[in-house]
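Visitor: Contents are TSV, C-alpha atoms; file name work00.tsv:
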```tsv
chain	number	residue	atom	x	y	z
A	17	MET	CA	3.26	12.92	-20.74
A	18	TYR	CA	7.07	13.05	-20.59
A	19	GLU	CA	9.58	15.13	-22.58
A	20	THR	CA	12.81	13.17	-22.11
A	21	ILE	CA	11.58	9.59	-21.71
A	22	ARG	CA	8.78	7.35	-23.01
A	23	LEU	CA	6.63	4.95	-21.03
A	24	GLU	CA	4.92	2.29	-23.11
A	25	LYS	CA	2.83	-0.67	-21.98
A	26	GLN	CA	2.35	-3.85	-23.99
A	27	GLY	CA	0.36	-6.50	-22.17
A	28	ARG	CA	2.23	-7.40	-18.99
A	29	ILE	CA	5.43	-5.64	-20.06
A	30	GLY	CA	6.31	-1.99	-19.53
A	31	HIS	CA	8.98	-0.14	-21.52
A	32	VAL	CA	10.86	2.83	-20.07
A	33	VAL	CA	12.83	4.42	-22.91
A	34	LEU	CA	15.44	7.13	-22.35
A	35	ASN	CA	14.71	9.53	-25.19
A	36	ARG	CA	17.41	12.17	-25.65
A	37	PRO	CA	19.19	10.41	-28.52
A	38	ASN	CA	20.97	13.53	-29.78
A	39	SER	CA	22.71	13.76	-26.38
A	40	MET	CA	23.37	9.99	-26.07
A	41	ASN	CA	20.61	10.04	-23.45
A	42	ALA	CA	22.71	12.13	-21.08
A	43	MET	CA	20.57	12.83	-18.03
A	44	ASN	CA	19.67	16.46	-17.48
A	45	GLY	CA	17.66	17.64	-14.50
A	46	LEU	CA	14.36	17.09	-16.29
A	47	MET	CA	15.18	13.52	-17.26
A	48	MET	CA	16.17	12.67	-13.69
A	49	LYS	CA	12.88	14.08	-12.41
A	50	GLU	CA	10.84	12.33	-15.11
A	51	LEU	CA	12.53	8.98	-14.45
A	52	ALA	CA	11.82	9.33	-10.72
A	53	ASP	CA	8.18	10.23	-11.43
A	54	CYS	CA	7.86	7.36	-13.92
A	55	PHE	CA	9.32	4.71	-11.62
A	56	GLU	CA	7.13	5.90	-8.76
A	57	SER	CA	4.05	5.67	-11.01
A	58	LEU	CA	4.93	2.08	-11.96
A	59	HIS	CA	4.44	1.04	-8.33
A	60	HIS	CA	0.70	1.33	-9.00
A	61	GLU	CA	0.74	-0.75	-12.22
A	62	LYS	CA	-0.29	-4.11	-10.80
A	63	SER	CA	-0.99	-5.58	-14.25
A	64	LEU	CA	2.65	-5.16	-15.31
A	65	HIS	CA	5.06	-7.92	-14.32
A	66	VAL	CA	8.16	-6.95	-16.33
A	67	VAL	CA	9.74	-3.55	-17.04
A	68	LYS	CA	12.39	-3.15	-19.74
A	69	ILE	CA	14.66	-0.09	-19.55
A	70	TYR	CA	16.73	0.99	-22.54
A	71	GLY	CA	17.92	4.00	-24.52
A	72	GLU	CA	16.86	5.43	-27.87
A	73	GLY	CA	19.57	5.99	-30.47
A	74	ARG	CA	23.27	5.15	-30.07
A	75	ALA	CA	23.52	4.60	-26.31
A	76	PHE	CA	21.82	3.50	-23.12
A	77	SER	CA	22.98	6.66	-21.32
A	78	ALA	CA	26.20	8.67	-21.28
A	79	GLY	CA	25.48	9.64	-17.63
A	80	GLY	CA	24.88	13.11	-16.25
A	81	ASP	CA	24.61	15.99	-18.70
A	82	ILE	CA	27.98	17.78	-18.41
A	83	LYS	CA	26.77	20.72	-20.51
A	84	GLU	CA	23.96	21.39	-18.06
A	85	MET	CA	26.39	21.11	-15.13
A	86	MET	CA	28.49	23.88	-16.70
A	87	ASN	CA	25.71	26.19	-17.89
A	88	PRO	CA	26.49	29.59	-16.29
A	89	ASP	CA	23.11	31.03	-17.28
A	90	ASN	CA	21.12	28.30	-15.54
A	91	PRO	CA	23.38	26.64	-12.96
A	92	MET	CA	22.34	23.17	-11.81
A	93	ASP	CA	20.77	23.12	-8.34
A	94	ILE	CA	22.72	20.10	-7.09
A	95	ASP	CA	20.65	19.66	-3.92
A	96	LEU	CA	17.38	19.56	-5.87
A	97	VAL	CA	18.88	17.24	-8.48
A	98	MET	CA	20.15	14.85	-5.79
A	99	LYS	CA	16.64	14.59	-4.34
A	100	ASP	CA	15.32	13.46	-7.74
A	101	ILE	CA	18.25	11.06	-8.20
A	102	SER	CA	17.53	9.53	-4.78
A	103	ARG	CA	13.83	9.18	-5.64
A	104	LEU	CA	14.77	7.56	-8.93
A	105	ALA	CA	17.10	5.00	-7.33
A	106	LYS	CA	14.76	4.02	-4.51
A	107	ALA	CA	11.68	3.76	-6.74
A	108	LEU	CA	13.57	1.64	-9.29
A	109	TYR	CA	15.03	-0.71	-6.65
A	110	THR	CA	11.61	-1.31	-5.09
A	111	LEU	CA	9.58	-1.72	-8.30
A	112	PRO	CA	7.02	-4.55	-8.02
A	113	GLN	CA	8.10	-5.85	-11.43
A	114	VAL	CA	11.11	-7.78	-12.74
A	115	THR	CA	13.35	-5.10	-14.25
A	116	ILE	CA	15.60	-5.65	-17.26
A	117	ALA	CA	18.27	-3.15	-18.33
A	118	ILE	CA	19.24	-3.51	-22.00
A	119	ILE	CA	22.57	-1.79	-22.69
A	120	HIS	CA	24.01	-0.81	-26.02
A	121	GLY	CA	26.64	1.84	-26.65
A	122	ALA	CA	27.56	3.69	-23.47
A	123	SER	CA	26.25	3.13	-19.96
A	124	ALA	CA	28.18	5.57	-17.81
A	125	GLY	CA	27.92	7.36	-14.49
A	126	LEU	CA	24.33	7.64	-13.33
A	127	GLY	CA	23.31	5.59	-16.38
A	128	PHE	CA	25.44	2.72	-15.07
A	129	SER	CA	24.11	3.11	-11.50
A	130	MET	CA	20.58	2.83	-12.89
A	131	ALA	CA	21.41	-0.28	-14.89
A	132	LEU	CA	23.00	-1.95	-11.84
A	133	ALA	CA	19.80	-1.32	-9.88
A	134	CYS	CA	17.88	-3.61	-12.24
A	135	ASP	CA	17.22	-7.30	-11.63
A	136	HIS	CA	18.72	-8.50	-14.91
A	137	VAL	CA	21.31	-6.57	-16.94
A	138	ILE	CA	21.96	-7.44	-20.58
A	139	ALA	CA	24.78	-5.70	-22.46
A	140	GLU	CA	25.68	-5.95	-26.13
A	141	GLU	CA	29.31	-7.06	-26.52
A	142	ASN	CA	30.73	-3.72	-27.69
A	143	SER	CA	29.02	-1.74	-24.95
A	144	LYS	CA	31.13	0.56	-22.79
A	145	LEU	CA	30.24	0.50	-19.10
A	146	ALA	CA	31.81	2.93	-16.69
A	147	MET	CA	31.37	4.08	-13.10
A	148	ASN	CA	33.43	7.10	-14.10
A	149	PHE	CA	32.45	9.80	-11.60
A	150	ILE	CA	36.01	9.96	-10.27
A	151	GLY	CA	37.22	11.34	-13.60
A	152	ILE	CA	35.48	14.62	-12.82
A	153	GLY	CA	36.14	14.60	-9.08
A	154	LEU	CA	32.72	13.29	-8.02
A	155	VAL	CA	31.38	10.21	-6.22
A	156	PRO	CA	28.88	7.70	-7.65
A	157	ASP	CA	25.26	8.68	-7.10
A	158	GLY	CA	21.90	7.10	-7.84
A	159	GLY	CA	22.79	4.45	-5.25
A	160	GLY	CA	25.92	3.55	-7.24
A	161	HIS	CA	27.86	2.64	-4.08
A	162	PHE	CA	25.02	0.43	-2.87
A	163	PHE	CA	24.32	-1.36	-6.15
A	164	MET	CA	28.01	-1.90	-6.90
A	165	LYS	CA	28.61	-3.32	-3.41
A	166	GLU	CA	25.57	-5.59	-3.69
A	167	ARG	CA	26.92	-7.09	-6.90
A	168	VAL	CA	30.66	-7.43	-6.19
A	169	GLY	CA	31.31	-6.72	-2.48
A	170	VAL	CA	33.10	-3.82	-0.79
A	171	PRO	CA	36.75	-4.42	-1.88
A	172	LYS	CA	35.85	-4.87	-5.56
A	173	ALA	CA	33.37	-1.98	-5.42
A	174	LYS	CA	36.11	0.37	-4.18
A	175	GLU	CA	38.51	-0.91	-6.82
A	176	ILE	CA	36.06	-0.34	-9.67
A	177	ILE	CA	34.82	3.05	-8.40
A	178	TRP	CA	38.32	4.37	-7.73
A	179	ALA	CA	39.66	3.18	-11.10
A	180	GLY	CA	36.80	4.77	-13.04
A	181	GLN	CA	37.70	2.55	-15.97
A	182	THR	CA	35.56	1.90	-19.02
A	183	LEU	CA	34.69	-1.79	-19.17
A	184	LYS	CA	33.63	-3.82	-22.18
A	185	ALA	CA	30.61	-6.06	-21.66
A	186	HIS	CA	32.61	-9.29	-21.21
A	187	ASP	CA	34.81	-7.59	-18.58
A	188	ALA	CA	31.71	-6.45	-16.70
A	189	LEU	CA	30.30	-9.98	-16.88
A	190	ALA	CA	33.53	-11.49	-15.56
A	191	LYS	CA	33.47	-9.07	-12.61
A	192	GLY	CA	29.87	-10.03	-11.76
A	193	LEU	CA	28.40	-6.64	-12.64
A	194	ILE	CA	25.92	-7.86	-15.26
A	195	GLU	CA	24.05	-11.07	-16.04
A	196	GLU	CA	24.30	-11.48	-19.80
A	197	VAL	CA	26.31	-10.45	-22.88
A	198	THR	CA	24.86	-10.60	-26.39
A	199	ALA	CA	26.11	-9.94	-29.89
A	200	GLU	CA	25.69	-6.43	-31.25
A	201	GLY	CA	22.09	-5.66	-32.13
A	202	ARG	CA	20.75	-8.67	-30.24
A	203	GLY	CA	20.08	-7.10	-26.85
A	204	MET	CA	16.36	-6.53	-27.39
A	205	GLU	CA	15.93	-10.07	-28.71
A	206	HIS	CA	17.58	-11.57	-25.61
A	207	ALA	CA	15.57	-9.28	-23.36
A	208	GLY	CA	12.40	-10.47	-25.06
A	209	ALA	CA	13.36	-14.09	-24.45
A	210	TYR	CA	14.14	-13.41	-20.80
A	211	ALA	CA	10.86	-11.51	-20.36
A	212	ASP	CA	8.94	-14.42	-21.92
A	213	GLU	CA	10.67	-16.79	-19.50
A	214	VAL	CA	9.66	-14.59	-16.55
A	215	LEU	CA	6.05	-14.30	-17.71
A	216	ALA	CA	5.80	-18.08	-18.19
A	217	SER	CA	6.99	-18.66	-14.61
A	218	PRO	CA	5.16	-18.24	-11.27
A	219	VAL	CA	6.03	-14.55	-11.46
A	220	LEU	CA	4.16	-13.54	-8.31
A	221	SER	CA	6.42	-15.89	-6.36
A	222	LYS	CA	9.49	-14.28	-7.92
A	223	LEU	CA	8.22	-10.81	-7.10
A	224	ALA	CA	7.51	-11.84	-3.51
A	225	THR	CA	11.13	-13.00	-3.19
A	226	LYS	CA	12.36	-9.74	-4.69
A	227	ASN	CA	10.24	-7.77	-2.22
A	228	ILE	CA	11.58	-9.73	0.76
A	229	LEU	CA	15.24	-9.42	-0.23
A	230	HIS	CA	15.04	-5.76	-1.27
A	231	THR	CA	12.97	-4.65	1.72
A	232	LEU	CA	15.69	-6.03	4.01
A	233	LYS	CA	18.15	-3.66	2.33
A	234	LEU	CA	16.02	-0.51	2.13
A	235	HIS	CA	17.38	1.13	5.29
A	236	GLU	CA	20.92	0.72	4.00
A	237	LEU	CA	19.97	2.12	0.58
A	238	ASP	CA	18.35	5.14	2.27
A	239	GLN	CA	21.56	5.76	4.22
A	240	VAL	CA	23.71	5.45	1.08
A	241	LEU	CA	21.50	7.86	-0.87
A	242	GLU	CA	21.66	10.40	1.95
A	243	MET	CA	25.45	10.15	2.15
A	244	GLU	CA	25.83	10.29	-1.63
A	245	ALA	CA	23.75	13.47	-1.76
A	246	ALA	CA	25.85	15.15	0.95
A	247	SER	CA	29.12	13.98	-0.60
A	248	GLN	CA	28.16	15.01	-4.12
A	249	SER	CA	27.18	18.47	-2.94
A	250	ALA	CA	30.57	18.79	-1.20
A	251	MET	CA	32.52	17.40	-4.18
A	252	ARG	CA	30.84	19.88	-6.53
A	253	ARG	CA	32.55	22.68	-4.60
A	254	THR	CA	36.08	21.26	-4.87
A	255	LYS	CA	38.86	22.50	-7.13
A	256	ASP	CA	39.35	18.93	-8.36
A	257	HIS	CA	35.80	18.80	-9.67
A	258	LEU	CA	36.20	22.10	-11.52
A	259	GLU	CA	39.48	20.86	-12.99
A	260	GLY	CA	37.91	17.54	-13.98
A	261	ILE	CA	35.02	19.26	-15.75
A	262	GLN	CA	37.33	21.72	-17.51
A	263	ALA	CA	39.66	18.95	-18.63
A	264	PHE	CA	36.71	16.94	-19.94
A	265	VAL	CA	35.51	19.88	-22.03
A	266	GLU	CA	39.02	20.64	-23.27
A	267	LYS	CA	39.66	16.92	-23.97
A	268	ARG	CA	42.87	16.79	-21.94
A	269	LYS	CA	44.13	14.86	-18.93
A	270	PRO	CA	43.10	16.53	-15.66
A	271	GLU	CA	45.67	17.67	-13.11
A	272	PHE	CA	44.17	17.01	-9.70
A	273	SER	CA	45.55	18.65	-6.56
A	274	GLY	CA	43.51	17.03	-3.78
A	275	GLN	CA	41.64	20.25	-3.05
```
How would this structure read if it were set down as C-alpha cells?

Guide:
Amino acid sequence: MYETIRLEKQGRIGHVVLNRPNSMNAMNGLMMKELADCFESLHHEKSLHVVKIYGEGRAFSAGGDIKEMMNPDNPMDIDLVMKDISRLAKALYTLPQVTIAIIHGASAGLGFSMALACDHVIAEENSKLAMNFIGIGLVPDGGGHFFMKERVGVPKAKEIIWAGQTLKAHDALAKGLIEEVTAEGRGMEHAGAYADEVLASPVLSKLATKNILHTLKLHELDQVLEMEAASQSAMRRTKDHLEGIQAFVEKRKPEFSGQ
C-alpha cells in the first residue's frame, strides 16, 4: 500500500515503520504524504489502542531529504510539501491511540518534531536528537514549535531551536523532551513493556483524557502549522538557506549573512 513506510497491525497495536533505511529514513515528499495519509487512516482504526512509530535500519529519521531539496531536475514544491507536513502533524497529534516513538540512531529535524508529537518517547542512550533546522537557515516544521513549547515552555523552546544542537538521549531526558532512555538495542523491548502496561489499563479512560487535553490545544496547533508553512516558504528563498544547504553538502561551516 505504501512505498516509503509500512503499516502493520498486531492485535490492539499498530506499527508505523519508516522504511527508507538506505537514506537513514530521510523524509522525501512521498514519505511525508504517506505518513500523513497513514496517520489519517488510523483515526478510523477503533480496534487499535496503541501505535508504535520507529525507523527501519540505522536511524529513526535523519529529517528532511536534503538531496531532494537540492534536485534541480525535480525541484521540491515547498508549498505542497508543507500541506502534507501539516496534515501529518495534526493527524498524529489527534490520533485516538496512545502513541510511542522509539528512537535509535538519529532523530533530526522533521523526524524529531514527529517524535515529540507522540505521547511517550523512548530513546536508546546513544541516539542523537536534534531540532537542527537553523543549521540550514530554516525554521522547525511539522509542529516543531508547538510540540517543543508543550514539553519545555517558550524560553527553553527558543533556546533549543536557536542552538540547533545535537543532544544525546540523557540530555534530552534531562531537558524534559523525552520520557525514557534505554540501553542500546533495548528500545523495542521497553516499548513493548510500556504498550503492555497501557493495554492492561483502562485505556479508554486514558484516551478520553488525551482527547480532552489535545482538543483544547488544536486551535493553537493549527495556527502554528499555518505560520510554520508561511515561514518555511519564506526561509527557502533566503541567501542564508542556500548557503546552509551548500555548506552541508560541502561539509563545511556555513557563513550566514542575515539575508

Visitor: Hey, can you check how far CA of Leu229 in chain A sits from CA of His161 in chain A?

Guide: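 Those two atoms sit 17.9 Å apart.
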
Visitor: Return as JSON lines the residues of range 91-186 of chain A lying at most 6 Å from range 73-76 of chain A, together with the closest atom-to-atom pair for each and the distance in Å to one decimal, counting all atoms listed in the file, with rows in chain order and ascending residue number.

Guide:
```
{"residue": "A:Ile119", "atom": "CA", "partner": "A:Phe76", "partner_atom": "CA", "distance": 5.4}
{"residue": "A:His120", "atom": "CA", "partner": "A:Ala75", "partner_atom": "CA", "distance": 5.4}
{"residue": "A:Gly121", "atom": "CA", "partner": "A:Ala75", "partner_atom": "CA", "distance": 4.2}
{"residue": "A:Ala122", "atom": "CA", "partner": "A:Ala75", "partner_atom": "CA", "distance": 5.0}
{"residue": "A:Ser123", "atom": "CA", "partner": "A:Phe76", "partner_atom": "CA", "distance": 5.5}
```

Visitor: Could you tell me how far CA of Leu34 in chain A lies from CA of Glu72 in chain A, in Å and to one decimal?

Guide: 5.9 Å

Visitor: Report the distance between CA of Asp187 in chain A and CA of Ala42 in chain A in Å, rounded to one decimal place.

Guide: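 So the answer is 23.3 Å.
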
Visitor: Tell me which protein, DNA and RNA residues are within 10 Å of range 148-157 of chain A, counting only C-alpha atoms, leaving out same-chain ones fewer than 2 positions away, and put them as a PyMOL selection string.

Guide: chain A and resi 79-80+82+98+101-102+105+124-130+145-146+159-162+164+176-182+240-245+247-264+269-270+272+274-275

Visitor: Deliver the residues from the most recent selection as a file, using C-alpha atoms, as an mmCIF file, keeping the file's coordinate frame.

Guide:
```
data_model
loop_
_atom_site.group_PDB
_atom_site.id
_atom_site.type_symbol
_atom_site.label_atom_id
_atom_site.label_comp_id
_atom_site.auth_asym_id
_atom_site.auth_seq_id
_atom_site.Cartn_x
_atom_site.Cartn_y
_atom_site.Cartn_z
ATOM 1 C CA GLY A 79 25.480 9.640 -17.630
ATOM 2 C CA GLY A 80 24.880 13.110 -16.250
ATOM 3 C CA ILE A 82 27.980 17.780 -18.410
ATOM 4 C CA MET A 98 20.150 14.850 -5.790
ATOM 5 C CA ILE A 101 18.250 11.060 -8.200
ATOM 6 C CA SER A 102 17.530 9.530 -4.780
ATOM 7 C CA ALA A 105 17.100 5.000 -7.330
ATOM 8 C CA ALA A 124 28.180 5.570 -17.810
ATOM 9 C CA GLY A 125 27.920 7.360 -14.490
ATOM 10 C CA LEU A 126 24.330 7.640 -13.330
ATOM 11 C CA GLY A 127 23.310 5.590 -16.380
ATOM 12 C CA PHE A 128 25.440 2.720 -15.070
ATOM 13 C CA SER A 129 24.110 3.110 -11.500
ATOM 14 C CA MET A 130 20.580 2.830 -12.890
ATOM 15 C CA LEU A 145 30.240 0.500 -19.100
ATOM 16 C CA ALA A 146 31.810 2.930 -16.690
ATOM 17 C CA GLY A 159 22.790 4.450 -5.250
ATOM 18 C CA GLY A 160 25.920 3.550 -7.240
ATOM 19 C CA HIS A 161 27.860 2.640 -4.080
ATOM 20 C CA PHE A 162 25.020 0.430 -2.870
ATOM 21 C CA MET A 164 28.010 -1.900 -6.900
ATOM 22 C CA ILE A 176 36.060 -0.340 -9.670
ATOM 23 C CA ILE A 177 34.820 3.050 -8.400
ATOM 24 C CA TRP A 178 38.320 4.370 -7.730
ATOM 25 C CA ALA A 179 39.660 3.180 -11.100
ATOM 26 C CA GLY A 180 36.800 4.770 -13.040
ATOM 27 C CA GLN A 181 37.700 2.550 -15.970
ATOM 28 C CA THR A 182 35.560 1.900 -19.020
ATOM 29 C CA VAL A 240 23.710 5.450 1.080
ATOM 30 C CA LEU A 241 21.500 7.860 -0.870
ATOM 31 C CA GLU A 242 21.660 10.400 1.950
ATOM 32 C CA MET A 243 25.450 10.150 2.150
ATOM 33 C CA GLU A 244 25.830 10.290 -1.630
ATOM 34 C CA ALA A 245 23.750 13.470 -1.760
ATOM 35 C CA SER A 247 29.120 13.980 -0.600
ATOM 36 C CA GLN A 248 28.160 15.010 -4.120
ATOM 37 C CA SER A 249 27.180 18.470 -2.940
ATOM 38 C CA ALA A 250 30.570 18.790 -1.200
ATOM 39 C CA MET A 251 32.520 17.400 -4.180
ATOM 40 C CA ARG A 252 30.840 19.880 -6.530
ATOM 41 C CA ARG A 253 32.550 22.680 -4.600
ATOM 42 C CA THR A 254 36.080 21.260 -4.870
ATOM 43 C CA LYS A 255 38.860 22.500 -7.130
ATOM 44 C CA ASP A 256 39.350 18.930 -8.360
ATOM 45 C CA HIS A 257 35.800 18.800 -9.670
ATOM 46 C CA LEU A 258 36.200 22.100 -11.520
ATOM 47 C CA GLU A 259 39.480 20.860 -12.990
ATOM 48 C CA GLY A 260 37.910 17.540 -13.980
ATOM 49 C CA ILE A 261 35.020 19.260 -15.750
ATOM 50 C CA GLN A 262 37.330 21.720 -17.510
ATOM 51 C CA ALA A 263 39.660 18.950 -18.630
ATOM 52 C CA PHE A 264 36.710 16.940 -19.940
ATOM 53 C CA LYS A 269 44.130 14.860 -18.930
ATOM 54 C CA PRO A 270 43.100 16.530 -15.660
ATOM 55 C CA PHE A 272 44.170 17.010 -9.700
ATOM 56 C CA GLY A 274 43.510 17.030 -3.780
ATOM 57 C CA GLN A 275 41.640 20.250 -3.050
#
```

Visitor: Smallest atom-to-atom distance to Leu96 in chain A: which of A:Gly45, A:Pro37, A:Gly71, A:Pro218, using only C-alpha atoms?

Guide: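 Using only C-alpha atoms, the shortest distance to Leu96 in chain A belongs to A:Gly45.
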
Visitor: Can you build me a table of range 44-131 of chain A residues sitting at most 12 Å from range 209-212 of chain A, with the closest atom pair per residue and its distance in Å to one decimal, using only C-alpha atoms, sorted by chain and residue number, as a tab-separated table?

Guide:
```
residue	atom	partner	partner_atom	distance
A:Leu64	CA	A:Ala211	CA	11.5
A:His65	CA	A:Ala211	CA	9.1
A:Val66	CA	A:Ala211	CA	6.7
A:Val67	CA	A:Ala211	CA	8.7
A:Lys68	CA	A:Ala211	CA	8.5
A:Gln113	CA	A:Ala211	CA	10.9
A:Val114	CA	A:Ala211	CA	8.5
A:Thr115	CA	A:Ala211	CA	9.2
A:Ile116	CA	A:Ala211	CA	8.1
A:Ala117	CA	A:Tyr210	CA	11.3
A:Ile118	CA	A:Tyr210	CA	11.2
```

Visitor: Do a neighbour search on Gly201 in chain A at 10 Å with all atoms listed in the file, toss out local chain neighbours closer than 4 positions, and write the hits as a list of chain:residue names.

Guide: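 Result of the neighbour search: A:His120, A:Glu140, A:Glu141, A:Asn142, A:Glu205, A:His206.
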
Visitor: Which one of A:Val197, A:Ala107, A:Val265, A:Val32 sits closest to His230 in chain A if you count all atoms listed in the file?

Guide: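 Checking each of A:Val197, A:Ala107, A:Val265, A:Val32 against His230 in chain A, counting all atoms listed in the file, the winner is A:Ala107.
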
Visitor: Which of these, A:Ala246, A:Val214, A:Cys134, A:Met85, has the shortest distance to Phe55 in chain A once you count only C-alpha atoms?

Guide: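 Among the listed residues, the smallest separation from Phe55 in chain A belongs to A:Cys134.
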
Visitor: Using only C-alpha atoms, pick whichever of A:Ser77, A:Lys226, A:Lys106, A:Tyr70 has the shortest atom-to-atom distance to Ile138 in chain A.

Guide: A:Tyr70

Visitor: For His136 in chain A, which residue among A:Ala216, A:Ile21, A:Ile194, A:Leu51 is the nearest when counting all atoms listed in the file?

Guide: A:Ile194

Visitor: Nearest residue to Met47 in chain A out of A:Asp100, A:Asp93, A:Glu195, A:Glu61, using only C-alpha atoms?

Guide: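 Counting only C-alpha atoms, the residue closest to Met47 in chain A is A:Asp100.
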
Visitor: Skipping near chain neighbours, those fewer than 6 positions away, what residues fall within 9 Å of Lys191 in chain A using only C-alpha atoms, listed as a list in words?

Guide: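 In the requested form, the answer reads Arg167, Val168 and Lys172 of chain A.
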